[in-house]
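Structure, as structure tokens:
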Amino acid sequence: MRLLIKNGRVVDPDSGTDETLDILIEQGKISDLKARIEVKDAKVIDASRLVVAPGFIDMHVHLREPGQENKETIETGSRAAAKGGFTSICAMPNTSPPNDHRQITEYILAEAARRAVVRVFPIGAITKGLQGTDLTDLADQVAAGAVAFSDDGKCIQTSLVMRRALEKAKSLNALIIDHCEDHSLSQGGVMHEGLNSSRFGLRGIPASAEEIMVARDIILADMSETRLHLAHLSTKGSVHLVREAKRRKVKITAEVTPHHLILTDASLEHHDPNFKVNPPLRGTEDVKALLEAVKDGTVDVIATDHAPHTMEEKNVGLDEAPFGMIGLETAVSLILDRLVNKKVISLAQFIEMTSTKPARLLGLAGKGKIRVGADADLTLLNLHKEIVIDVHAFQSKSRNSPFDGWKLKGVPAMTIVAGRVVYPAQP
Ligand SMILES: [Zn+2]
């Protein structure tokens, strides 16, 4: 069946397009794109009040399968993604067992083909068992379908191992993604170290725990002339380091999460574990610096770090509760409301950071753009609609979001993957 999207405001940063166009979709691809398309036998979608963007790609998602299916599965995570406006998600390897070899990557891809409603791209572990010592078989993982490598959740502490990983990745043209954290400095902390952590009587994680590793990674990427992507930047110091490295043409890229752009460490006042994330929510000055970095392009990508946990696990007090919050179903509205509507960034910048750039970084051909021949992965946005976040209406299995009850303007209206409408559910 052909699909015709009529009169949408097509915003595609890849081609610099921002105009009202019709889009014809056949066999999963965009087959025509112009001001007026008339065909007889197509299902028509009226997009006259909507923005049509290239499908959003979340580079940083924890799907928990295999091993922790009580928190999330490939299926439920994919439904959360579809509802949140994402057509592709990248699955971090800290599952159990961790995705450190071909069989797990193949399992994730097979399960995704069977049950997921959006595209799922596995990220392989850099080191065996995420132990930070022996490299996995990166080449074999690439052959199996891994799109990047990371020990996310952990950070490789030994610089030599990181150097070897970067050199191997370079030979494969693969992307390494690092979660920057010096464990000797962060150990035992539950929130950002600063005035608020002392006020609240909570153990802190200093900004330096992240910044030391950001600095190390920049030096190693520079030395090996390799691409390196830094996950969830959270501090002003990290922003300075990345900005300076980019000026020197070091091949560094970086991402930031919606929660680090919107919340501060003051949120921990009531010891609510839903605000416990790693890296932690930082101070006002850090948030300011992150917003500036999003504006000026120092940060390349917005990713959610969707990290599902059950209520039982989270409701045990701040010390014991695991780090992480879910984000797939709130990210788009949060950014539209807090950044786009408030003119911190333009709509095109937002789309570039959630589609164009992730597609380029991960080398996903046919994605991140709207043009004839490209994959018909599209995210339709309603910039006028207001919603109240309700965690109980989530498709995700988990509810650990601190944004319950937030009133936001701007929502994902429809998600199309390979020419098929995957959200809202079709009769
Ligand atoms: Zn991480």
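Residues are referred to by chain and number: the chain letter is A, B, ... according to the order shown in the structure tokens, the number counts from 1 in that chain, and ligands are numbered separately from 1 in the order shown.
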
Determine, for each residue of chain A having at least one atom at most 12 Å from an atom of ligand 1, the closest pair of atoms and their separation in Å to one decimal, counting only C-alpha atoms and all ligand atoms; order by chain and ascending number, as CSV.
residue,atom,partner,partner_atom_place_in_ligand_line,distance
A:Met59,CA,ligand 1,1 (Zn),11.4
A:His60,CA,ligand 1,1 (Zn),8.3
A:Val61,CA,ligand 1,1 (Zn),9.6
A:His62,CA,ligand 1,1 (Zn),9.6
A:Met92,CA,ligand 1,1 (Zn),9.0
A:Pro93,CA,ligand 1,1 (Zn),10.8
A:Asn94,CA,ligand 1,1 (Zn),9.9
A:Ser150,CA,ligand 1,1 (Zn),9.1
A:Asp151,CA,ligand 1,1 (Zn),8.3
A:Asp152,CA,ligand 1,1 (Zn),4.6
A:Gly153,CA,ligand 1,1 (Zn),4.3
A:Lys154,CA,ligand 1,1 (Zn),7.1
A:Cys155,CA,ligand 1,1 (Zn),8.3
A:Ile156,CA,ligand 1,1 (Zn),11.9
A:Ile177,CA,ligand 1,1 (Zn),9.4
A:Asp178,CA,ligand 1,1 (Zn),7.7
A:His179,CA,ligand 1,1 (Zn),4.7
A:Cys180,CA,ligand 1,1 (Zn),7.7
A:Glu181,CA,ligand 1,1 (Zn),8.9
A:Glu210,CA,ligand 1,1 (Zn),10.9
A:His229,CA,ligand 1,1 (Zn),11.9
A:Leu230,CA,ligand 1,1 (Zn),9.5
A:Ala231,CA,ligand 1,1 (Zn),6.4
A:His232,CA,ligand 1,1 (Zn),6.7
A:Leu233,CA,ligand 1,1 (Zn),9.6
A:Ser234,CA,ligand 1,1 (Zn),11.0
A:Glu255,CA,ligand 1,1 (Zn),10.9
A:Val256,CA,ligand 1,1 (Zn),10.8
A:Thr257,CA,ligand 1,1 (Zn),10.5
A:Val277,CA,ligand 1,1 (Zn),9.1
A:Asn278,CA,ligand 1,1 (Zn),6.5
A:Pro279,CA,ligand 1,1 (Zn),7.1
A:Pro280,CA,ligand 1,1 (Zn),10.5
A:Ala303,CA,ligand 1,1 (Zn),10.9
A:Thr304,CA,ligand 1,1 (Zn),10.3
A:Asp305,CA,ligand 1,1 (Zn),6.9
A:His306,CA,ligand 1,1 (Zn),9.9
A:Ala307,CA,ligand 1,1 (Zn),9.3
A:Phe323,CA,ligand 1,1 (Zn),9.6
A:Gly324,CA,ligand 1,1 (Zn),9.0
A:Met325,CA,ligand 1,1 (Zn),11.4

Quick one: everything within 10 Å of Val147 of chain A, counting only C-alpha atoms, minus sequence neighbours fewer than 5 positions away in the same chain. Send it as a PyMOL selection string. chain A and resi 59+90-91+121-124+141-142+174-176+361-364

If you run DSSP over the backbone, which residues in segment 257-357 of chain A end up alpha helix (DSSP H)? Put them as number ranges by chain. A: 258-262, 284-296, 311-314, 331-335, 347-351, 357

Find, counting only C-alpha atoms, the residue in A:Val287, A:Leu383, A:Val340, A:Leu138 that gets nearest to Asp100 of chain A.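 Using only C-alpha atoms, Asp100 of chain A sits closest to A:Leu138.
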
Measuring atom to atom with only C-alpha atoms, identify which of A:Ser15, A:Ser224, A:Thr105, A:Gln131 is nearest to Arg163 of chain A.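 Ranked by minimum distance to Arg163 of chain A, first place goes to A:Ser224.
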
Would you list, as a tab-separated table (two decimals) with all heavy atoms, in the first residue's frame, the residues of segment 88-177 of chain A that end up in strand (DSSP E or B) under DSSP run on this structure's backbone?
chain	number	residue	atom	x	y	z
A	88	SER	N	14.30	4.87	15.32
A	88	SER	CA	15.46	3.99	15.52
A	88	SER	C	16.01	4.21	16.91
A	88	SER	O	16.08	5.35	17.39
A	88	SER	CB	16.58	4.32	14.52
A	88	SER	OG	16.19	4.02	13.21
A	89	ILE	N	16.42	3.10	17.55
A	89	ILE	CA	17.05	3.21	18.86
A	89	ILE	C	18.29	2.32	18.91
A	89	ILE	O	18.32	1.27	18.27
A	89	ILE	CB	16.08	2.82	20.01
A	89	ILE	CG1	15.39	1.47	19.74
A	89	ILE	CG2	15.03	3.91	20.21
A	89	ILE	CD1	14.45	1.03	20.86
A	90	CYS	N	19.29	2.78	19.65
A	90	CYS	CA	20.51	1.99	19.80
A	90	CYS	C	20.53	1.38	21.19
A	90	CYS	O	20.36	2.08	22.18
A	90	CYS	CB	21.74	2.87	19.61
A	90	CYS	SG	21.81	3.55	17.95
A	91	ALA	N	20.75	0.07	21.23
A	91	ALA	CA	20.66	-0.66	22.49
A	91	ALA	C	22.03	-0.82	23.12
A	91	ALA	O	22.92	-1.46	22.56
A	91	ALA	CB	20.04	-2.03	22.24
A	119	ARG	N	13.20	0.42	14.55
A	119	ARG	CA	14.47	-0.25	14.25
A	119	ARG	C	15.35	-0.25	15.50
A	119	ARG	O	15.42	0.74	16.21
A	119	ARG	CB	15.18	0.47	13.12
A	119	ARG	CG	14.33	0.56	11.86
A	119	ARG	CD	15.14	1.22	10.75
A	119	ARG	NE	14.28	1.74	9.70
A	119	ARG	CZ	14.08	1.14	8.52
A	119	ARG	NH1	14.67	-0.01	8.25
A	119	ARG	NH2	13.30	1.69	7.61
A	120	VAL	N	16.01	-1.37	15.72
A	120	VAL	CA	16.88	-1.50	16.88
A	120	VAL	C	18.30	-1.79	16.38
A	120	VAL	O	18.51	-2.72	15.60
A	120	VAL	CB	16.41	-2.64	17.80
A	120	VAL	CG1	17.37	-2.82	18.97
A	120	VAL	CG2	14.99	-2.36	18.32
A	121	PHE	N	19.24	-0.97	16.82
A	121	PHE	CA	20.64	-1.15	16.44
A	121	PHE	C	21.48	-1.47	17.66
A	121	PHE	O	21.62	-0.63	18.56
A	121	PHE	CB	21.17	0.12	15.77
A	121	PHE	CG	20.50	0.43	14.46
A	121	PHE	CD1	19.50	1.39	14.39
A	121	PHE	CD2	20.87	-0.24	13.30
A	121	PHE	CE1	18.88	1.67	13.18
A	121	PHE	CE2	20.24	0.03	12.09
A	121	PHE	CZ	19.25	0.99	12.02
A	122	PRO	N	22.05	-2.67	17.73
A	122	PRO	CA	22.83	-3.03	18.91
A	122	PRO	C	24.18	-2.30	18.97
A	122	PRO	O	24.82	-2.07	17.95
A	122	PRO	CB	23.09	-4.54	18.73
A	122	PRO	CG	22.16	-4.99	17.65
A	122	PRO	CD	21.92	-3.79	16.78
A	123	ILE	N	24.54	-1.93	20.19
A	123	ILE	CA	25.88	-1.39	20.47
A	123	ILE	C	26.63	-2.49	21.21
A	123	ILE	O	26.13	-3.03	22.21
A	123	ILE	CB	25.80	-0.11	21.31
A	123	ILE	CG1	25.13	1.00	20.48
A	123	ILE	CG2	27.19	0.33	21.78
A	123	ILE	CD1	24.88	2.29	21.24
A	124	GLY	N	27.80	-2.86	20.72
A	124	GLY	CA	28.57	-3.92	21.35
A	124	GLY	C	29.43	-3.39	22.48
A	124	GLY	O	29.77	-2.21	22.53
A	127	THR	N	34.82	-4.07	26.07
A	127	THR	CA	35.63	-5.09	26.74
A	127	THR	C	34.75	-6.26	27.19
A	127	THR	O	33.55	-6.10	27.43
A	127	THR	CB	36.36	-4.51	27.98
A	127	THR	OG1	35.39	-4.09	28.95
A	127	THR	CG2	37.24	-3.34	27.60
A	135	LEU	N	39.78	-6.58	25.29
A	135	LEU	CA	38.88	-6.13	24.22
A	135	LEU	C	38.04	-7.29	23.69
A	135	LEU	O	38.51	-8.42	23.61
A	135	LEU	CB	39.69	-5.54	23.05
A	135	LEU	CG	40.46	-4.25	23.24
A	135	LEU	CD1	40.92	-3.72	21.89
A	135	LEU	CD2	39.61	-3.19	23.95
A	148	ALA	N	28.08	0.46	16.97
A	148	ALA	CA	29.04	1.25	17.75
A	148	ALA	C	29.47	0.38	18.93
A	148	ALA	O	28.94	-0.72	19.12
A	148	ALA	CB	28.40	2.55	18.24
A	149	PHE	N	30.42	0.91	19.71
A	149	PHE	CA	30.92	0.16	20.87
A	149	PHE	C	30.98	1.06	22.10
A	149	PHE	O	31.36	2.23	22.01
A	149	PHE	CB	32.31	-0.41	20.57
A	149	PHE	CG	32.26	-1.44	19.49
A	149	PHE	CD1	32.44	-1.09	18.16
A	149	PHE	CD2	31.97	-2.77	19.80
A	149	PHE	CE1	32.33	-2.03	17.15
A	149	PHE	CE2	31.86	-3.72	18.80
A	149	PHE	CZ	32.05	-3.36	17.47
A	150	SER	N	30.60	0.47	23.23
A	150	SER	CA	30.63	1.23	24.47
A	150	SER	C	30.63	0.27	25.66
A	150	SER	O	30.10	-0.83	25.57
A	150	SER	CB	29.39	2.13	24.55
A	150	SER	OG	29.43	2.89	25.74
A	176	ILE	N	33.40	4.57	18.84
A	176	ILE	CA	33.47	4.25	20.27
A	176	ILE	C	32.69	5.34	21.01
A	176	ILE	O	32.85	6.53	20.74
A	176	ILE	CB	34.93	4.25	20.78
A	176	ILE	CG1	35.75	3.15	20.09
A	176	ILE	CG2	34.98	4.13	22.30
A	176	ILE	CD1	35.75	1.80	20.73
A	177	ILE	N	31.84	4.91	21.93
A	177	ILE	CA	31.05	5.85	22.75
A	177	ILE	C	31.50	5.66	24.20
A	177	ILE	O	31.45	4.55	24.71
A	177	ILE	CB	29.54	5.55	22.63
A	177	ILE	CG1	29.09	5.64	21.17
A	177	ILE	CG2	28.74	6.50	23.53
A	177	ILE	CD1	27.65	5.18	20.93

Using only C-alpha atoms: which of A:Ile262, A:Ala393, A:Met213, A:Val294 has the shortest distance to Asp337 of chain A: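 With only C-alpha atoms as the atom set, the closest residue is A:Ile262.
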
To one decimal place, how far is atom CA of Glu211 of chain A from atom CA of Thr235 of chain A in Å?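 It comes out at 7.6 Å.
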
Counting only C-alpha atoms, figure out which residue out of A:Gly368, A:Ile30, A:Thr379, A:Ser396 gets nearest to Asp14 of chain A. A:Gly368

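Counting only C-alpha atoms, Leu290 of chain A has the following residues at most 7 Å away, ignoring those fewer than 3 positions along the same chain: Lys236, Val239, Leu261, Asp286, Val287, Ala293 and Val294 of chain A.
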
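Ranking A:Leu21, A:Gly145, A:Val250, A:Gln68 by their shortest atom-to-atom distance to Tyr107 of chain A, with only C-alpha atoms included, puts A:Gly145 first.
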
List the neighbours of segment 405-414 of chain A out to 8 Å using only C-alpha atoms; skip same-chain residues closer than 6 positions along the sequence, and give me the result as a PyMOL selection string. chain A and resi 50+83-85+332-334+336-337+379-390+421-424

For the residues selected in the previous step, produce a file with N, CA and C atoms as an mmCIF file, in the first residue's frame.
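Result file follows (part-v9.cif):
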data_model
loop_
_atom_site.group_PDB
_atom_site.id
_atom_site.type_symbol
_atom_site.label_atom_id
_atom_site.label_comp_id
_atom_site.auth_asym_id
_atom_site.auth_seq_id
_atom_site.Cartn_x
_atom_site.Cartn_y
_atom_site.Cartn_z
ATOM 1 N N LEU A 50 1.027 19.736 10.864
ATOM 2 C CA LEU A 50 2.139 19.008 11.492
ATOM 3 C C LEU A 50 3.485 19.314 10.835
ATOM 4 N N LYS A 83 6.062 5.664 20.481
ATOM 5 C CA LYS A 83 5.184 6.673 21.070
ATOM 6 C C LYS A 83 5.928 7.990 21.286
ATOM 7 N N GLY A 84 7.213 7.867 21.582
ATOM 8 C CA GLY A 84 8.013 9.062 21.835
ATOM 9 C C GLY A 84 8.534 9.737 20.573
ATOM 10 N N GLY A 85 8.239 9.168 19.401
ATOM 11 C CA GLY A 85 8.670 9.797 18.157
ATOM 12 C C GLY A 85 9.972 9.270 17.584
ATOM 13 N N VAL A 332 10.978 14.228 23.512
ATOM 14 C CA VAL A 332 10.596 15.154 22.439
ATOM 15 C C VAL A 332 9.770 16.322 22.992
ATOM 16 N N SER A 333 8.800 16.009 23.841
ATOM 17 C CA SER A 333 7.983 17.102 24.404
ATOM 18 C C SER A 333 8.813 18.009 25.302
ATOM 19 N N LEU A 334 9.725 17.431 26.072
ATOM 20 C CA LEU A 334 10.578 18.250 26.942
ATOM 21 C C LEU A 334 11.413 19.234 26.129
ATOM 22 N N LEU A 336 10.928 20.205 22.944
ATOM 23 C CA LEU A 336 10.084 21.167 22.227
ATOM 24 C C LEU A 336 9.633 22.280 23.167
ATOM 25 N N ASP A 337 9.156 21.894 24.339
ATOM 26 C CA ASP A 337 8.610 22.875 25.285
ATOM 27 C C ASP A 337 9.707 23.775 25.861
ATOM 28 N N THR A 379 9.194 11.212 11.574
ATOM 29 C CA THR A 379 8.605 11.620 12.842
ATOM 30 C C THR A 379 7.751 12.856 12.587
ATOM 31 N N LEU A 380 6.460 12.749 12.877
ATOM 32 C CA LEU A 380 5.553 13.888 12.693
ATOM 33 C C LEU A 380 5.305 14.548 14.055
ATOM 34 N N LEU A 381 5.428 15.869 14.077
ATOM 35 C CA LEU A 381 5.306 16.599 15.341
ATOM 36 C C LEU A 381 4.117 17.551 15.301
ATOM 37 N N ASN A 382 3.414 17.634 16.416
ATOM 38 C CA ASN A 382 2.376 18.650 16.578
ATOM 39 C C ASN A 382 2.910 19.674 17.580
ATOM 40 N N LEU A 383 3.251 20.859 17.060
ATOM 41 C CA LEU A 383 3.891 21.867 17.916
ATOM 42 C C LEU A 383 2.892 22.617 18.791
ATOM 43 N N HIS A 384 1.596 22.436 18.496
ATOM 44 C CA HIS A 384 0.581 23.233 19.190
ATOM 45 C C HIS A 384 -0.091 22.490 20.324
ATOM 46 N N LYS A 385 -0.045 21.159 20.285
ATOM 47 C CA LYS A 385 -0.786 20.367 21.259
ATOM 48 C C LYS A 385 -0.089 20.372 22.629
ATOM 49 N N GLU A 386 -0.905 20.478 23.667
ATOM 50 C CA GLU A 386 -0.352 20.427 25.030
ATOM 51 C C GLU A 386 -0.666 19.074 25.649
ATOM 52 N N ILE A 387 0.277 18.575 26.437
ATOM 53 C CA ILE A 387 0.016 17.318 27.147
ATOM 54 C C ILE A 387 0.456 17.445 28.599
ATOM 55 N N VAL A 388 -0.105 16.541 29.403
ATOM 56 C CA VAL A 388 0.377 16.387 30.766
ATOM 57 C C VAL A 388 0.993 14.984 30.830
ATOM 58 N N ILE A 389 2.273 14.934 31.199
ATOM 59 C CA ILE A 389 2.967 13.634 31.260
ATOM 60 C C ILE A 389 2.300 12.751 32.318
ATOM 61 N N ASP A 390 1.958 11.538 31.915
ATOM 62 C CA ASP A 390 1.347 10.575 32.828
ATOM 63 C C ASP A 390 2.119 9.266 32.719
ATOM 64 N N VAL A 421 2.858 3.067 9.696
ATOM 65 C CA VAL A 421 2.556 3.902 10.860
ATOM 66 C C VAL A 421 2.627 3.020 12.114
ATOM 67 N N VAL A 422 3.605 3.287 12.986
ATOM 68 C CA VAL A 422 3.769 2.462 14.193
ATOM 69 C C VAL A 422 3.240 3.168 15.444
ATOM 70 N N TYR A 423 2.961 4.465 15.317
ATOM 71 C CA TYR A 423 2.293 5.220 16.368
ATOM 72 C C TYR A 423 1.561 6.375 15.714
ATOM 73 N N PRO A 424 0.297 6.671 16.075
ATOM 74 C CA PRO A 424 -0.511 5.886 17.012
ATOM 75 C C PRO A 424 -0.868 4.517 16.438
#

Neighbours of Val161 of chain A within 10 Å (only C-alpha atoms; same-chain residues fewer than 6 positions away dropped), as a VMD selection string? chain A and resid 126 to 127 132 to 135 167

Near Val117 of chain A, within 9 Å and counting only C-alpha atoms, which residues show up once chain neighbours fewer than 4 positions away are dropped, as a PyMOL selection string? chain A and resi 75+78-79+81-82+87+112-113+417+422-423

Okay, now the selection with C-alpha atoms, as a CSV table (one decimal), in the first residue's frame?
chain,number,residue,atom,x,y,z
A,75,GLU,CA,9.3,-5.0,22.4
A,78,SER,CA,10.4,-0.2,21.0
A,79,ARG,CA,6.8,0.7,21.7
A,81,ALA,CA,10.3,4.7,21.3
A,82,ALA,CA,7.5,4.7,18.7
A,87,THR,CA,12.1,5.4,14.6
A,112,ALA,CA,13.8,-6.9,17.2
A,113,ALA,CA,12.8,-8.3,13.7
A,417,VAL,CA,9.0,3.3,10.2
A,422,VAL,CA,3.8,2.5,14.2
A,423,TYR,CA,2.3,5.2,16.4

Counting only C-alpha atoms, figure out which residue out of A:Leu166, A:Ile302, A:Ala116, A:Leu263 gets nearest to Asp217 of chain A.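 Of A:Leu166, A:Ile302, A:Ala116, A:Leu263, the one nearest Asp217 of chain A, counting only C-alpha atoms, is A:Leu166.
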